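Have a look at entry_16.csv below; it lists CSV, C-alpha atoms.
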```csv
chain,number,residue,atom,x,y,z
A,1,MET,CA,-24.0,-1.2,24.1
A,2,PHE,CA,-23.9,2.5,23.2
A,3,VAL,CA,-22.8,3.5,19.7
A,4,SER,CA,-23.1,7.2,18.7
A,5,LEU,CA,-25.3,8.2,15.8
A,6,GLN,CA,-22.3,9.2,13.8
A,7,ALA,CA,-20.5,5.8,14.3
A,8,ASP,CA,-23.9,4.1,13.8
A,9,ARG,CA,-24.2,5.6,10.3
A,10,LEU,CA,-20.6,4.5,9.4
A,11,TYR,CA,-21.3,1.0,10.6
A,12,GLU,CA,-23.6,0.4,7.6
A,13,ARG,CA,-20.4,0.4,5.4
A,14,VAL,CA,-18.8,-2.5,7.4
A,15,ARG,CA,-21.8,-4.5,8.7
A,16,SER,CA,-20.8,-7.5,6.6
A,17,VAL,CA,-17.2,-7.7,8.0
A,18,ILE,CA,-17.4,-6.3,11.5
A,19,LEU,CA,-19.6,-7.7,14.3
A,20,PRO,CA,-21.8,-5.2,16.2
A,21,ALA,CA,-19.9,-5.8,19.5
A,22,GLU,CA,-16.6,-5.1,17.8
A,23,TRP,CA,-17.9,-1.9,16.3
A,24,SER,CA,-19.2,-0.7,19.7
A,25,ALA,CA,-15.7,-1.0,21.0
A,26,PHE,CA,-14.4,1.2,18.1
A,27,ALA,CA,-17.1,3.9,18.4
A,28,GLY,CA,-15.4,6.1,21.0
A,29,ASP,CA,-12.2,6.4,19.1
A,30,ILE,CA,-14.0,6.9,15.9
A,31,ASP,CA,-16.0,9.8,17.3
A,32,ALA,CA,-12.9,11.4,18.8
A,33,ILE,CA,-10.9,11.0,15.6
A,34,LEU,CA,-13.6,12.7,13.5
A,35,ALA,CA,-13.8,15.6,16.0
A,36,LEU,CA,-10.0,15.9,16.0
A,37,LYS,CA,-9.8,16.0,12.2
A,38,ARG,CA,-12.1,19.0,12.2
A,39,GLU,CA,-10.1,20.7,15.0
A,40,ARG,CA,-6.7,20.1,13.3
A,41,ASN,CA,-7.9,20.5,9.7
A,42,ALA,CA,-6.5,17.1,9.1
A,43,VAL,CA,-7.1,14.3,6.6
A,44,ILE,CA,-6.4,10.6,7.1
A,45,LEU,CA,-4.8,8.6,4.3
A,46,ALA,CA,-5.5,4.8,4.7
A,47,HIS,CA,-3.8,2.2,2.6
A,48,ASN,CA,-5.7,-0.7,1.2
A,49,TYR,CA,-4.2,-3.0,3.9
A,50,GLN,CA,-5.6,-1.1,6.8
A,51,THR,CA,-8.3,-2.8,8.8
A,52,PRO,CA,-12.0,-2.0,7.9
A,53,GLU,CA,-12.7,0.2,11.0
A,54,ILE,CA,-9.9,2.5,9.8
A,55,PHE,CA,-10.4,2.2,6.1
A,56,HIS,CA,-14.2,2.7,6.2
A,57,GLY,CA,-14.5,4.4,9.5
A,58,VAL,CA,-12.1,7.4,9.7
A,59,ALA,CA,-10.2,7.6,6.4
A,60,ASP,CA,-10.7,10.5,4.1
A,61,ILE,CA,-8.6,9.1,1.2
A,62,VAL,CA,-8.0,5.4,0.6
A,63,GLY,CA,-6.0,3.5,-2.0
A,64,ASP,CA,-2.5,2.4,-2.8
A,65,SER,CA,0.6,4.3,-1.5
A,66,LEU,CA,1.3,6.7,-4.3
A,67,ALA,CA,-2.4,7.4,-5.0
A,68,LEU,CA,-2.8,8.4,-1.3
A,69,ALA,CA,0.0,11.0,-1.5
A,70,ARG,CA,-1.2,12.4,-4.8
A,71,GLU,CA,-4.8,12.7,-3.7
A,72,ALA,CA,-3.7,14.5,-0.5
A,73,MET,CA,-2.2,17.2,-2.7
A,74,LYS,CA,-5.7,18.1,-3.8
A,75,THR,CA,-6.9,18.9,-0.3
A,76,ASP,CA,-6.6,22.0,1.8
A,77,ALA,CA,-5.6,20.1,4.9
A,78,ASP,CA,-2.9,21.4,7.2
A,79,VAL,CA,-2.2,17.9,8.7
A,80,ILE,CA,-1.9,14.6,6.9
A,81,VAL,CA,-2.1,11.4,9.0
A,82,VAL,CA,-0.8,8.3,7.2
A,83,ALA,CA,-2.5,5.1,8.2
A,84,GLY,CA,0.2,3.0,6.5
A,85,VAL,CA,3.9,2.3,6.8
A,86,HIS,CA,6.8,4.7,7.1
A,87,PHE,CA,7.8,4.9,3.4
A,88,MET,CA,4.3,5.9,2.6
A,89,ALA,CA,4.4,8.7,5.1
A,90,GLU,CA,7.7,9.8,3.5
A,91,THR,CA,6.1,9.8,0.0
A,92,ALA,CA,3.2,11.9,1.4
A,93,LYS,CA,5.8,14.4,2.8
A,94,LEU,CA,7.7,14.4,-0.5
A,95,LEU,CA,4.6,15.4,-2.5
A,96,ASN,CA,3.2,17.7,0.3
A,97,PRO,CA,6.3,19.4,1.7
A,98,GLY,CA,4.4,22.3,3.2
A,99,ARG,CA,2.1,20.1,5.3
A,100,THR,CA,2.6,18.4,8.6
A,101,VAL,CA,2.7,14.6,8.0
A,102,LEU,CA,2.2,12.3,10.9
A,103,ILE,CA,2.6,8.5,11.3
A,104,PRO,CA,0.8,7.0,14.3
A,105,ASP,CA,3.6,4.4,15.0
A,106,LEU,CA,7.2,4.9,14.1
A,107,ARG,CA,7.7,1.1,14.1
A,108,ALA,CA,5.4,0.7,11.1
A,109,GLY,CA,8.1,-0.3,8.7
A,110,CYS,CA,8.3,-2.6,5.7
A,111,SER,CA,10.5,-5.6,5.0
A,112,LEU,CA,10.8,-4.6,1.4
A,113,ALA,CA,11.9,-1.0,2.1
A,114,ALA,CA,14.3,-2.2,4.8
A,115,SER,CA,16.0,-4.6,2.3
A,116,ILE,CA,18.1,-1.9,0.6
A,117,THR,CA,19.9,1.3,1.6
A,118,ALA,CA,21.1,4.3,-0.3
A,119,ALA,CA,24.7,2.9,0.0
A,120,ASP,CA,23.5,-0.3,-1.8
A,121,VAL,CA,22.2,1.8,-4.7
A,122,ARG,CA,25.4,3.7,-5.0
A,123,LEU,CA,27.3,0.4,-5.2
A,124,LEU,CA,25.0,-0.9,-7.9
A,125,ARG,CA,25.5,2.2,-9.9
A,126,GLN,CA,29.3,1.7,-9.7
A,127,ARG,CA,28.9,-2.0,-10.8
A,128,TRP,CA,26.7,-1.2,-13.8
A,129,PRO,CA,27.6,2.4,-14.8
A,130,GLY,CA,25.1,4.0,-17.2
A,131,VAL,CA,22.3,1.5,-16.5
A,132,PRO,CA,19.2,3.3,-15.4
A,133,ILE,CA,17.9,2.6,-11.9
A,134,VAL,CA,14.2,2.1,-11.6
A,135,THR,CA,13.0,2.1,-8.0
A,136,TYR,CA,9.7,0.9,-6.7
A,137,VAL,CA,7.8,3.5,-4.6
A,138,ASN,CA,7.9,0.9,-1.7
A,139,SER,CA,11.3,2.2,-0.7
A,140,SER,CA,12.8,4.9,1.5
A,141,ALA,CA,13.2,8.5,0.5
A,142,ALA,CA,17.0,8.0,0.7
A,143,VAL,CA,16.8,5.1,-1.8
A,144,LYS,CA,14.5,7.1,-4.1
A,145,ALA,CA,17.0,9.9,-4.0
A,146,GLU,CA,19.8,7.7,-5.4
A,147,SER,CA,17.6,6.4,-8.2
A,148,ASP,CA,16.8,7.7,-11.7
A,149,ILE,CA,13.1,7.2,-11.7
A,150,CYS,CA,10.4,5.5,-9.6
A,151,CYS,CA,7.6,3.2,-10.5
A,152,THR,CA,4.5,1.5,-8.9
A,153,SER,CA,3.4,-2.0,-9.3
A,154,GLY,CA,0.7,-0.7,-11.7
A,155,ASN,CA,3.0,1.3,-14.0
A,156,ALA,CA,6.3,-0.6,-13.7
A,157,ARG,CA,6.1,-2.1,-17.2
A,158,ARG,CA,5.3,1.3,-18.8
A,159,ILE,CA,8.1,3.0,-16.9
A,160,VAL,CA,10.7,0.4,-17.9
A,161,GLU,CA,9.7,0.4,-21.5
A,162,SER,CA,9.6,4.2,-21.7
A,163,LEU,CA,13.3,4.3,-21.0
A,164,GLY,CA,14.1,2.8,-24.4
A,165,VAL,CA,17.1,0.9,-23.2
A,166,PRO,CA,18.0,-2.9,-23.3
A,167,LYS,CA,18.9,-3.1,-19.6
A,168,VAL,CA,17.7,-1.6,-16.4
A,169,ILE,CA,18.3,-2.1,-12.7
A,170,MET,CA,15.0,-2.5,-10.8
A,171,LEU,CA,14.8,-2.2,-7.1
A,172,PRO,CA,14.1,-3.5,-4.5
A,173,ASP,CA,11.4,-6.1,-5.1
A,174,GLU,CA,12.9,-9.1,-6.9
A,175,TYR,CA,9.6,-10.8,-7.8
A,176,LEU,CA,8.1,-7.6,-9.2
A,177,ALA,CA,11.2,-7.1,-11.3
A,178,GLN,CA,11.0,-10.8,-12.5
A,179,ASN,CA,7.4,-10.4,-13.3
A,180,ILE,CA,8.0,-7.2,-15.3
A,181,ALA,CA,10.9,-8.8,-17.1
A,182,ALA,CA,8.6,-11.6,-18.3
A,183,GLU,CA,6.3,-9.0,-19.8
A,184,THR,CA,9.0,-7.1,-21.6
A,185,GLY,CA,12.1,-7.6,-23.8
A,186,VAL,CA,14.2,-5.6,-21.4
A,187,GLU,CA,16.9,-7.3,-19.3
A,188,ILE,CA,16.3,-6.5,-15.7
A,189,ILE,CA,19.0,-6.6,-13.0
A,190,THR,CA,17.2,-7.4,-9.7
A,191,TRP,CA,17.7,-7.0,-6.0
A,192,ALA,CA,16.9,-9.8,-3.6
A,193,GLY,CA,14.2,-7.8,-1.7
A,194,HIS,CA,10.8,-9.3,-0.9
A,195,CYS,CA,7.6,-8.3,0.8
A,196,GLU,CA,7.1,-10.7,3.7
A,197,VAL,CA,3.3,-10.8,2.9
A,198,HIS,CA,3.5,-11.8,-0.7
A,199,GLU,CA,6.6,-13.9,-0.7
A,200,ARG,CA,4.8,-16.6,1.3
A,201,PHE,CA,2.3,-17.4,-1.3
A,202,SER,CA,3.1,-20.4,-3.6
A,203,ALA,CA,1.8,-22.0,-6.7
A,204,ALA,CA,0.7,-25.0,-4.5
A,205,ASP,CA,-1.6,-22.5,-2.6
A,206,VAL,CA,-3.3,-21.7,-5.9
A,207,HIS,CA,-3.7,-25.3,-6.8
A,208,GLN,CA,-5.3,-26.1,-3.4
A,209,LEU,CA,-7.7,-23.2,-3.8
A,210,ARG,CA,-8.8,-24.3,-7.2
A,211,ALA,CA,-9.3,-27.9,-5.9
A,212,GLY,CA,-11.3,-26.8,-2.9
A,213,HIS,CA,-13.3,-24.0,-4.5
A,214,PRO,CA,-14.3,-24.9,-8.0
A,215,GLY,CA,-14.8,-21.9,-10.3
A,216,ILE,CA,-12.8,-19.6,-8.0
A,217,VAL,CA,-11.1,-16.5,-9.6
A,218,VAL,CA,-7.6,-16.0,-8.4
A,219,LEU,CA,-6.1,-12.5,-8.3
A,220,ALA,CA,-2.4,-12.0,-7.4
A,221,HIS,CA,-0.3,-9.0,-6.6
A,222,PRO,CA,2.9,-8.7,-8.7
A,223,GLU,CA,5.0,-8.8,-5.6
A,224,CYS,CA,4.1,-12.5,-5.4
A,225,PRO,CA,6.6,-15.0,-6.8
A,226,PRO,CA,6.4,-15.4,-10.6
A,227,GLU,CA,5.0,-19.0,-10.3
A,228,VAL,CA,2.1,-17.6,-8.4
A,229,VAL,CA,1.4,-14.8,-10.9
A,230,ALA,CA,1.6,-17.4,-13.7
A,231,GLU,CA,-1.1,-19.5,-12.0
A,232,ALA,CA,-3.4,-16.6,-11.3
A,233,ASP,CA,-6.3,-15.4,-13.5
A,234,PHE,CA,-5.3,-11.8,-13.1
A,235,ALA,CA,-2.3,-10.0,-11.6
A,236,GLY,CA,-2.2,-6.4,-10.7
A,237,SER,CA,-1.7,-3.7,-8.1
A,238,THR,CA,-4.0,-3.3,-5.2
A,239,ALA,CA,-6.0,-0.7,-7.1
A,240,ALA,CA,-6.2,-2.9,-10.2
A,241,MET,CA,-7.4,-5.9,-8.1
A,242,ALA,CA,-10.1,-3.8,-6.5
A,243,ASP,CA,-11.2,-2.5,-10.0
A,244,TYR,CA,-11.3,-6.0,-11.3
A,245,VAL,CA,-13.7,-7.2,-8.6
A,246,THR,CA,-15.9,-4.2,-9.1
A,247,ARG,CA,-15.9,-4.6,-12.9
A,248,GLU,CA,-16.0,-8.4,-13.3
A,249,ARG,CA,-17.9,-9.3,-10.2
A,250,PRO,CA,-16.6,-12.8,-9.8
A,251,ALA,CA,-19.0,-14.9,-7.7
A,252,ARG,CA,-16.1,-16.5,-5.8
A,253,VAL,CA,-12.8,-14.8,-5.6
A,254,VAL,CA,-9.5,-14.9,-3.8
A,255,LEU,CA,-6.9,-12.1,-3.5
A,256,MET,CA,-3.3,-13.3,-3.0
A,257,THR,CA,-2.4,-10.3,-0.9
A,258,GLU,CA,-2.8,-8.8,2.6
A,259,CYS,CA,-5.8,-9.9,4.6
A,260,SER,CA,-7.5,-6.5,5.1
A,261,MET,CA,-7.5,-5.9,1.4
A,262,SER,CA,-10.1,-8.6,1.0
A,263,ASP,CA,-12.1,-7.4,4.0
A,264,ASN,CA,-12.3,-3.8,2.6
A,265,ILE,CA,-13.4,-5.0,-0.8
A,266,ALA,CA,-15.8,-7.4,0.7
A,267,ALA,CA,-17.4,-4.6,2.7
A,268,LEU,CA,-18.3,-3.0,-0.6
A,269,ASN,CA,-19.4,-6.2,-2.3
A,270,PRO,CA,-21.3,-8.2,0.4
A,271,ASP,CA,-22.9,-10.4,-2.3
A,272,LEU,CA,-19.6,-11.8,-3.5
A,273,GLU,CA,-17.8,-14.7,-1.8
A,274,PHE,CA,-14.3,-13.9,-0.7
A,275,VAL,CA,-12.0,-16.9,0.1
A,276,ARG,CA,-9.2,-15.7,2.4
A,277,PRO,CA,-5.9,-17.6,2.5
A,278,CYS,CA,-4.4,-14.2,3.2
A,279,ASN,CA,-1.2,-13.2,5.0
A,280,LEU,CA,-1.1,-10.4,7.6
A,281,CYS,CA,1.3,-7.5,7.4
A,282,PRO,CA,2.6,-7.0,11.0
A,283,HIS,CA,3.7,-3.5,10.1
A,284,MET,CA,0.4,-2.3,8.8
A,285,LYS,CA,-1.3,-3.8,11.8
A,286,ARG,CA,0.7,-1.5,14.1
A,287,ILE,CA,-1.6,1.3,13.0
A,288,THR,CA,-4.8,1.2,15.1
A,289,LEU,CA,-7.6,3.6,15.9
A,290,PRO,CA,-6.2,4.5,19.4
A,291,LYS,CA,-2.8,5.3,17.8
A,292,ILE,CA,-4.4,7.5,15.2
A,293,ARG,CA,-6.4,9.3,17.9
A,294,ARG,CA,-3.2,9.8,19.9
A,295,ALA,CA,-1.3,11.1,16.8
A,296,LEU,CA,-4.0,13.8,16.3
A,297,GLU,CA,-4.1,14.7,20.0
A,298,THR,CA,-0.3,15.0,20.4
A,299,MET,CA,0.7,15.8,16.8
A,300,ARG,CA,3.2,12.9,16.9
A,301,HIS,CA,5.0,11.4,15.1
A,302,GLU,CA,6.0,14.0,12.6
A,303,VAL,CA,7.8,12.8,9.4
A,304,THR,CA,10.7,14.9,8.3
A,305,ILE,CA,13.1,14.4,5.4
A,306,ASP,CA,16.5,16.0,4.9
A,307,PRO,CA,16.0,18.7,2.3
A,308,ALA,CA,18.8,17.5,0.0
A,309,ILE,CA,17.4,13.9,0.1
A,310,ALA,CA,13.9,15.2,-0.4
A,311,ALA,CA,14.8,17.2,-3.5
A,312,ALA,CA,16.5,14.3,-5.2
A,313,ALA,CA,13.8,11.8,-4.2
A,314,ARG,CA,11.1,14.2,-5.4
A,315,ARG,CA,12.8,14.3,-8.8
A,316,SER,CA,12.6,10.6,-9.1
A,317,VAL,CA,8.9,10.5,-8.3
A,318,GLU,CA,8.2,13.5,-10.6
A,319,ARG,CA,10.0,11.8,-13.5
A,320,MET,CA,7.6,8.9,-13.1
A,321,LEU,CA,4.5,11.1,-12.9
A,322,ALA,CA,5.5,12.8,-16.1
A,323,ILE,CA,5.4,9.6,-18.1
```
Starting from the coordinates I provided, produce the structure as structure tokens.
Amino acid sequence: MFVSLQADRLYERVRSVILPAEWSAFAGDIDAILALKRERNAVILAHNYQTPEIFHGVADIVGDSLALAREAMKTDADVIVVAGVHFMAETAKLLNPGRTVLIPDLRAGCSLAASITAADVRLLRQRWPGVPIVTYVNSSAAVKAESDICCTSGNARRIVESLGVPKVIMLPDEYLAQNIAAETGVEIITWAGHCEVHERFSAADVHQLRAGHPGIVVLAHPECPPEVVAEADFAGSTAAMADYVTRERPARVVLMTECSMSDNIAALNPDLEFVRPCNLCPHMKRITLPKIRRALETMRHEVTIDPAIAAAARRSVERMLAI
């Protein structure tokens, strides 16, 4: 099996999570993508839920959705390829309006972002006039544009408390809002939106993990139901979970989140045991090496946002970044 020297060097990063035969099948696309990046002056942003051959093989910037877009601002790239879902590509475009932003598959959506529309936000504002609307960055640009301020799973509590009001509307993730409400004295009006990955975890899952794996450390994303977060040893954003593993180095750990997150952290920590009762995100998995290669070859699919929507959405994001 032939693997190029370039791909061979990259394989050292993922040896513990990808078999040699699998890597051999990836090598041709990896070499082509690396060459196309140089030709196009492009960078690839890969979310934590991307598969290891993308995350460790071709990505230039990795992390959670907002961090990707912000880090891209520091580069001199002409083209940004987002290995993630559509709202992430929109956010990258919002913060990098002068760059060409591509998403390899237009069908890479998000159940959470799809749960609410701009019209829904306008109706909520009519029902609760004067109540600030805090919108999770896992939402469309149109929804961000109708909001007062954005938040991430990592800064949501700080954003809500910074407003200094007794009541806020927090969209669209119901469980994230409930988990933040439990940490604050603020009344939070929620929206019944859920992430199809995180909503499937239950407190019973945590109990079974502890029974079957004594001493296991359970990390949960705050998009999980509140009863899961209550049973976990630590709850935090994807970045916070990765930092926890690196800092605390639990001998046996489980991440209640998307499967590839565990794979990517395990590749960096091959001496730790990762138990994986994970759930796959079908939208993230639409992004593949061949599709990234095709995006760079054809410069498709370009992400554009109506200028009026972009200006309003950017204000909501910038208000968050200023706090």
Please list as a compact mmCIF listing (two decimals) with C-alpha atoms, keeping the file's coordinate frame every residue within 6 Å of range 90-106 of chain A, counting only C-alpha atoms and excluding residues in the same chain fewer than 3 positions away.
```txt
# COMPACT_ATOMS: atom_id res chain seq x y z
CA ALA A 69 0.00 11.00 -1.50
CA ASP A 78 -2.90 21.40 7.20
CA VAL A 79 -2.20 17.90 8.70
CA ILE A 80 -1.90 14.60 6.90
CA VAL A 81 -2.10 11.40 9.00
CA VAL A 82 -0.80 8.30 7.20
CA PHE A 87 7.80 4.90 3.40
CA LYS A 291 -2.80 5.30 17.80
CA ILE A 292 -4.40 7.50 15.20
CA ALA A 295 -1.30 11.10 16.80
CA HIS A 301 5.00 11.40 15.10
CA GLU A 302 6.00 14.00 12.60
CA VAL A 303 7.80 12.80 9.40
CA ARG A 314 11.10 14.20 -5.40
```
Exercise for the section: Using only C-alpha atoms, determine which residues lie at most 12 Å from Met256 in chain A, disregarding the query and same-chain residues fewer than 4 positions distant; provide the list as an MDAnalysis selection string. Expected result: chainID A and resid 197:203 205:206 209 217:225 228:229 231:238 241 260:262 274:280
Contact residues around Asp271 in chain A with all atoms listed in the file at 12 Å, ignoring same-chain residues under 6 positions, as a PDB file with C-alpha atoms, keeping the file's coordinate frame:
```pdb
ATOM      1  CA  SER A  16     -20.800  -7.500   6.600  1.00  0.00           C
ATOM      2  CA  VAL A 245     -13.700  -7.200  -8.600  1.00  0.00           C
ATOM      3  CA  THR A 246     -15.900  -4.200  -9.100  1.00  0.00           C
ATOM      4  CA  ARG A 249     -17.900  -9.300 -10.200  1.00  0.00           C
ATOM      5  CA  PRO A 250     -16.600 -12.800  -9.800  1.00  0.00           C
ATOM      6  CA  ALA A 251     -19.000 -14.900  -7.700  1.00  0.00           C
ATOM      7  CA  ARG A 252     -16.100 -16.500  -5.800  1.00  0.00           C
ATOM      8  CA  VAL A 253     -12.800 -14.800  -5.600  1.00  0.00           C
ATOM      9  CA  ILE A 265     -13.400  -5.000  -0.800  1.00  0.00           C
TER      10      ILE A 265
END
```
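For the set A:Arg315, A:Arg122, A:Arg9, A:Arg286, the residue with the smallest atom-to-atom gap to Ala141 in chain A is A:Arg315, counting all atoms listed in the file.
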Problem - Closest of A:Arg40, A:Asp76, A:Val62, A:Leu123 to Val143 in chain A - atom-to-atom distances counting only C-alpha atoms - result: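 Smallest distance to Val143 in chain A is found for A:Leu123.
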Exercise for the section: Tell me which protein, DNA and RNA residues are within 7 Å of range 29-31 of chain A, counting only C-alpha atoms, leaving out same-chain ones fewer than 5 positions away, and put them as a list in words. Expected result: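 Surrounding residues, per the criterion: Ala7, Gly57, Val58, Leu289, Pro290 and Arg293 of chain A.
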Find the spatial neighbours of Leu112 in chain A, counting all atoms listed in the file, within a cut-off of 9 Å - ignore same-chain residues fewer than 4 positions away - and output them as a PDB file with C-alpha atoms, in the coordinates of the input.
```pdb
ATOM      1  CA  ILE A 116      18.100  -1.900   0.600  1.00  0.00           C
ATOM      2  CA  ASN A 138       7.900   0.900  -1.700  1.00  0.00           C
ATOM      3  CA  SER A 139      11.300   2.200  -0.700  1.00  0.00           C
ATOM      4  CA  PRO A 172      14.100  -3.500  -4.500  1.00  0.00           C
ATOM      5  CA  ASP A 173      11.400  -6.100  -5.100  1.00  0.00           C
ATOM      6  CA  GLY A 193      14.200  -7.800  -1.700  1.00  0.00           C
ATOM      7  CA  HIS A 194      10.800  -9.300  -0.900  1.00  0.00           C
ATOM      8  CA  CYS A 195       7.600  -8.300   0.800  1.00  0.00           C
ATOM      9  CA  GLU A 196       7.100 -10.700   3.700  1.00  0.00           C
TER      10      GLU A 196
END
```
Exercise for the section: For CA of Gln126 in chain A and CA of Ala145 in chain A, quote the distance in Å rounded to one decimal. Expected result: 15.8 Å
